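What follows is one structure encoded as structure tokens, with my remarks underneath.
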Amino acid sequence: MVHLQCGAATDVGRVRSTNEDAHFASSPVFVVADGMGGHQAGDIASAIVVEEFARLAHDGYDSSKAPEVVTESLKRCQRSIQQYGEAHRNEGDGDWYAGTTVAAAVLCEDEEGAKWLLTNLGDSRIYKLHNGSLDQVSVDHSLVQELLDSGEINAEEAATHPERHVITRALGGPVFRDPDFFVLPLSSAERLVLCSDGVSGMIADHVIHQIVSTTDDPRDAAEALVSAAVAAGGEDNATAVVVDVVGLTESATPHVLRTEPVSLEEKLGALP
């Protein structure tokens, strides 16, 4: 079986009055959504994403077809957000808009066994920790990332660019934009970190690395990431989900990947 342990935390921050972030963390599905559009808009959009991915976790899914399953789930989210927006605009609020980023990790399966399927739309990020090294897996769908890729700005300039929050893909727009997908062997990522840009935009990657590489319990790691982002200024809502792969055996049952998290004591071998 695949054994996972997870932790999640969120905070409204020091500037915003409403937390438009949402998250879900229950094996085998983990997601962070960063809503846009203000109160009763961004928070509704992110909640729609969380509800859809929670349904996947509750009802189960064919893990051998996870990319198709996740794509259809995202398309359902897109339709729901659009319908919600149309209802508001039909009531006379012509400028009403709701959207959300998505960063998600679900267990999938192929002939080689269980793996991570990671997907993102927007600038909410996914990192992996392996052998003490932290790497960003997802690629930001943002104007700043495009400027970085073209060589027009460097990383230092990107951190303070006035349009660093402008994203180029999200759910809720007029057209569904394809998400990016990444497949990782479970053995290549003993810890995953999913976070909104209220975390990654407030604390540098080396700070994220220091926290997640020195904090054993994923619940404490998620809390520490969010606390550090708020302490650094809290300019946006901050949300983090941390997932550990704590045990792998050869007896995983095909297509049945609904596992329960183990306790920290069991993870550390403290139980007889």
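As shown in the structure tokens, the chain order sets the letters A, B, ...; within each chain, residues go from 1, and ligands are also counted from 1 in the order they appear.
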Neighbour list for Arg14 of chain A as a ChimeraX atom specification, cut-off 8 Å, only C-alpha atoms, skip fewer than 5 positions in-chain: /A:230,233-236
Limited to C-alpha atoms, could you put the picked residues into a file as a PDB file, in the first residue's frame?
ATOM      1  CA  VAL A 230       2.441  36.262   7.187  1.00  0.00           C
ATOM      2  CA  GLY A 233       4.303  40.928   5.343  1.00  0.00           C
ATOM      3  CA  GLY A 234       1.220  38.834   4.670  1.00  0.00           C
ATOM      4  CA  GLU A 235       0.319  40.826   1.568  1.00  0.00           C
ATOM      5  CA  ASP A 236      -1.938  38.065   0.261  1.00  0.00           C
TER       6      ASP A 236
END
Backbone-only DSSP, strand (DSSP E) members of segment 22-194 of chain A, as number ranges by chain: A: 22-26, 29-36, 99-100, 102-110, 113-121, 125-130, 133-136, 180-185, 191-194
Neighbour list for segment 76-81 of chain A as an MDAnalysis selection string, cut-off 8 Å, only C-alpha atoms, skip fewer than 4 positions in-chain: chainID A and resid 45 48:49 52 72 85 98:99 171:173 176
Selection above as a file: all heavy atoms, as an mmCIF file, in the first residue's frame:
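As a result, part22.cif now contains:
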data_model
loop_
_atom_site.group_PDB
_atom_site.id
_atom_site.type_symbol
_atom_site.label_atom_id
_atom_site.label_comp_id
_atom_site.auth_asym_id
_atom_site.auth_seq_id
_atom_site.Cartn_x
_atom_site.Cartn_y
_atom_site.Cartn_z
ATOM 1 N N ALA A 45 -15.063 30.715 -6.447
ATOM 2 C CA ALA A 45 -14.347 29.988 -7.489
ATOM 3 C C ALA A 45 -13.407 28.939 -6.887
ATOM 4 O O ALA A 45 -13.363 27.791 -7.345
ATOM 5 C CB ALA A 45 -13.558 30.968 -8.360
ATOM 6 N N ILE A 48 -15.376 26.032 -5.457
ATOM 7 C CA ILE A 48 -15.867 25.122 -6.489
ATOM 8 C C ILE A 48 -14.795 24.083 -6.823
ATOM 9 O O ILE A 48 -15.079 22.885 -6.971
ATOM 10 C CB ILE A 48 -16.285 25.910 -7.739
ATOM 11 C CG1 ILE A 48 -17.609 26.640 -7.480
ATOM 12 C CG2 ILE A 48 -16.404 25.003 -8.966
ATOM 13 C CD1 ILE A 48 -18.011 27.620 -8.575
ATOM 14 N N VAL A 49 -13.543 24.532 -6.936
ATOM 15 C CA VAL A 49 -12.442 23.611 -7.231
ATOM 16 C C VAL A 49 -12.280 22.599 -6.104
ATOM 17 O O VAL A 49 -12.157 21.385 -6.343
ATOM 18 C CB VAL A 49 -11.127 24.388 -7.454
ATOM 19 C CG1 VAL A 49 -9.934 23.440 -7.514
ATOM 20 C CG2 VAL A 49 -11.220 25.209 -8.727
ATOM 21 N N GLU A 52 -15.014 19.970 -6.079
ATOM 22 C CA GLU A 52 -14.876 19.005 -7.169
ATOM 23 C C GLU A 52 -13.789 17.977 -6.874
ATOM 24 O O GLU A 52 -13.981 16.772 -7.079
ATOM 25 C CB GLU A 52 -14.570 19.736 -8.481
ATOM 26 C CG GLU A 52 -14.320 18.834 -9.664
ATOM 27 C CD GLU A 52 -15.522 17.987 -10.061
ATOM 28 O OE1 GLU A 52 -16.671 18.425 -9.825
ATOM 29 O OE2 GLU A 52 -15.312 16.889 -10.611
ATOM 30 N N GLU A 72 -11.197 16.431 -16.912
ATOM 31 C CA GLU A 72 -12.655 16.560 -16.888
ATOM 32 C C GLU A 72 -13.120 17.278 -15.622
ATOM 33 O O GLU A 72 -14.078 18.058 -15.659
ATOM 34 C CB GLU A 72 -13.307 15.183 -17.004
ATOM 35 C CG GLU A 72 -13.266 14.600 -18.402
ATOM 36 C CD GLU A 72 -13.860 15.543 -19.436
ATOM 37 O OE1 GLU A 72 -15.000 16.037 -19.216
ATOM 38 O OE2 GLU A 72 -13.188 15.816 -20.445
ATOM 39 N N GLY A 85 -20.844 33.103 -12.727
ATOM 40 C CA GLY A 85 -20.601 34.458 -13.176
ATOM 41 C C GLY A 85 -21.712 34.983 -14.071
ATOM 42 O O GLY A 85 -22.133 36.144 -13.950
ATOM 43 N N ALA A 98 -15.086 36.031 -11.601
ATOM 44 C CA ALA A 98 -14.492 35.106 -10.629
ATOM 45 C C ALA A 98 -13.529 34.173 -11.350
ATOM 46 O O ALA A 98 -13.804 33.712 -12.464
ATOM 47 C CB ALA A 98 -15.570 34.288 -9.916
ATOM 48 N N GLY A 99 -12.411 33.907 -10.735
ATOM 49 C CA GLY A 99 -11.441 32.979 -11.297
ATOM 50 C C GLY A 99 -10.613 32.381 -10.190
ATOM 51 O O GLY A 99 -10.681 32.803 -9.027
ATOM 52 N N LEU A 171 -8.689 29.152 -14.124
ATOM 53 C CA LEU A 171 -10.068 28.745 -14.343
ATOM 54 C C LEU A 171 -10.974 29.965 -14.191
ATOM 55 O O LEU A 171 -10.735 30.813 -13.340
ATOM 56 C CB LEU A 171 -10.479 27.676 -13.329
ATOM 57 C CG LEU A 171 -9.843 26.292 -13.476
ATOM 58 C CD1 LEU A 171 -10.322 25.386 -12.363
ATOM 59 C CD2 LEU A 171 -10.157 25.682 -14.833
ATOM 60 N N GLY A 172 -12.021 30.021 -15.009
ATOM 61 C CA GLY A 172 -12.999 31.093 -14.882
ATOM 62 C C GLY A 172 -13.013 32.065 -16.038
ATOM 63 O O GLY A 172 -13.939 32.854 -16.158
ATOM 64 N N GLY A 173 -11.987 32.018 -16.874
ATOM 65 C CA GLY A 173 -11.945 32.918 -18.021
ATOM 66 C C GLY A 173 -12.890 32.462 -19.125
ATOM 67 O O GLY A 173 -13.572 31.439 -19.010
ATOM 68 N N PHE A 176 -11.343 27.729 -21.726
ATOM 69 C CA PHE A 176 -10.620 26.781 -20.878
ATOM 70 C C PHE A 176 -9.200 26.622 -21.406
ATOM 71 O O PHE A 176 -8.988 26.307 -22.572
ATOM 72 C CB PHE A 176 -11.317 25.423 -20.865
ATOM 73 C CG PHE A 176 -10.591 24.377 -20.062
ATOM 74 C CD1 PHE A 176 -10.656 24.381 -18.680
ATOM 75 C CD2 PHE A 176 -9.833 23.399 -20.696
ATOM 76 C CE1 PHE A 176 -9.996 23.427 -17.935
ATOM 77 C CE2 PHE A 176 -9.163 22.433 -19.954
ATOM 78 C CZ PHE A 176 -9.244 22.454 -18.568
#
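When only C-alpha atoms are used to compute distances to Gln83 of chain A, the closest of the residues A:Ile44, A:Thr101, A:Asn120, A:Ala240 turns out to be A:Ile44.
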Neighbour list for segment 181-190 of chain A as a PyMOL selection string, cut-off 10 Å, only C-alpha atoms, skip fewer than 5 positions in-chain: chain A and resi 2+4+67+70-71+104-109+112-121+127-135+137-138+243-248
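Note that the spacing between atom CA of Ala66 of chain A and atom CA of Gln82 of chain A amounts to 24.1 Å.
These are the residues of segment 115-160 of chain A assigned alpha helix (DSSP H) by DSSP from backbone coordinates: Leu143, Val144, Gln145, Glu146, Leu147, Leu148, Asp149, Ser150, Ala155, Glu156, Glu157, Ala158, Ala159 and Thr160 of chain A.
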Which residue of A:Glu68, A:Val139, A:Gly42, A:Asp59 approaches Trp96 of chain A most closely, using only C-alpha atoms: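 Ranked by minimum distance to Trp96 of chain A, first place goes to A:Gly42.
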Applying 10 Å and only C-alpha atoms, which residues near Asp220 of chain A remain after dropping the ones on its own chain fewer than 3 positions away? List them as a compact mmCIF listing (two decimals) with N, CA, C and O atoms, in the first residue's frame.
# COMPACT_ATOMS: atom_id res chain seq x y z
N CYS A 6 -0.25 14.03 5.70
CA CYS A 6 -0.35 15.38 5.15
C CYS A 6 -0.69 16.39 6.23
O CYS A 6 -1.14 16.05 7.32
N GLY A 7 -0.45 17.64 5.90
CA GLY A 7 -0.82 18.76 6.74
C GLY A 7 -1.20 19.93 5.86
O GLY A 7 -0.75 20.04 4.72
N ALA A 8 -2.06 20.81 6.37
CA ALA A 8 -2.50 21.97 5.60
C ALA A 8 -2.71 23.14 6.54
O ALA A 8 -3.05 22.98 7.71
N ALA A 9 -2.51 24.34 6.00
CA ALA A 9 -2.72 25.56 6.78
C ALA A 9 -3.07 26.69 5.83
O ALA A 9 -2.65 26.70 4.67
N ILE A 211 12.46 25.41 5.83
CA ILE A 211 11.33 24.99 6.65
C ILE A 211 10.96 23.54 6.38
O ILE A 211 10.83 22.74 7.32
N VAL A 212 10.79 23.18 5.13
CA VAL A 212 10.27 21.84 4.84
C VAL A 212 11.33 20.76 4.99
O VAL A 212 10.99 19.57 5.12
N THR A 215 11.50 20.36 9.28
CA THR A 215 10.28 20.17 10.06
C THR A 215 9.70 18.81 9.71
O THR A 215 9.21 18.61 8.59
N ASP A 216 9.75 17.88 10.65
CA ASP A 216 9.39 16.50 10.35
C ASP A 216 7.91 16.32 10.06
O ASP A 216 7.53 15.69 9.07
N ASP A 217 7.06 16.84 10.91
CA ASP A 217 5.63 16.62 10.76
C ASP A 217 5.09 17.53 9.67
O ASP A 217 5.28 18.75 9.73
N GLU A 223 2.02 24.74 8.67
CA GLU A 223 1.79 25.88 9.57
C GLU A 223 2.98 26.84 9.53
O GLU A 223 2.80 28.07 9.51
N ALA A 224 4.20 26.28 9.52
CA ALA A 224 5.39 27.12 9.54
C ALA A 224 5.52 27.92 8.24
O ALA A 224 5.94 29.09 8.26
N LEU A 225 5.18 27.32 7.11
CA LEU A 225 5.24 28.04 5.83
C LEU A 225 4.28 29.23 5.82
O LEU A 225 4.65 30.34 5.44
N VAL A 242 1.23 20.18 2.66
CA VAL A 242 2.47 19.39 2.65
C VAL A 242 2.09 17.91 2.75
O VAL A 242 1.29 17.53 3.61
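Using only C-alpha atoms for every distance, the candidate list A:Val102, A:Ala33, A:Ala238, A:Val175 yields A:Ala238 as the residue closest to Val15 of chain A.
Considering the residues A:Gly122, A:Ala103, A:Glu86, A:Asp149 and counting only C-alpha atoms, Arg177 of chain A has its shortest atom-to-atom contact with A:Gly122.
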Produce a table with one row for each residue of segment 179-231 of chain A that has an atom at most 9 Å from any atom of segment 153-170 of chain A, each row naming the nearest atom pair and its distance in Å at one decimal; use only C-alpha atoms; arrange rows by chain and rising residue number; format as CSV.
residue,atom,partner,partner_atom,distance
A:Pro179,CA,A:Arg169,CA,8.2
A:Asp197,CA,A:His165,CA,8.5
A:Gly201,CA,A:Ala159,CA,7.7
Output the selection as a CSV table (one decimal), in the first residue's frame - N, CA and C atoms for each residue.
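What landed in result35.csv:
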chain,number,residue,atom,x,y,z
A,179,PRO,N,-4.2,22.6,-18.6
A,179,PRO,CA,-3.3,22.7,-17.5
A,179,PRO,C,-2.0,22.0,-17.9
A,197,ASP,N,0.4,31.7,-4.1
A,197,ASP,CA,1.5,32.7,-4.3
A,197,ASP,C,1.6,33.6,-3.1
A,201,GLY,N,5.3,34.0,-2.9
A,201,GLY,CA,5.5,35.4,-3.3
A,201,GLY,C,6.1,36.2,-2.1
Of the listed residues A:His3, A:Arg125, A:His88, A:Lys75, that which approaches Val31 of chain A most closely, counting only C-alpha atoms: A:Arg125
Between atom CA of His141 of chain A and atom CA of Asp123 of chain A, distance in Å (one decimal):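 So the answer is 5.6 Å.
What separates atom CA of Gly198 of chain A from atom CA of Asn237 of chain A is a distance of 5.3 Å.
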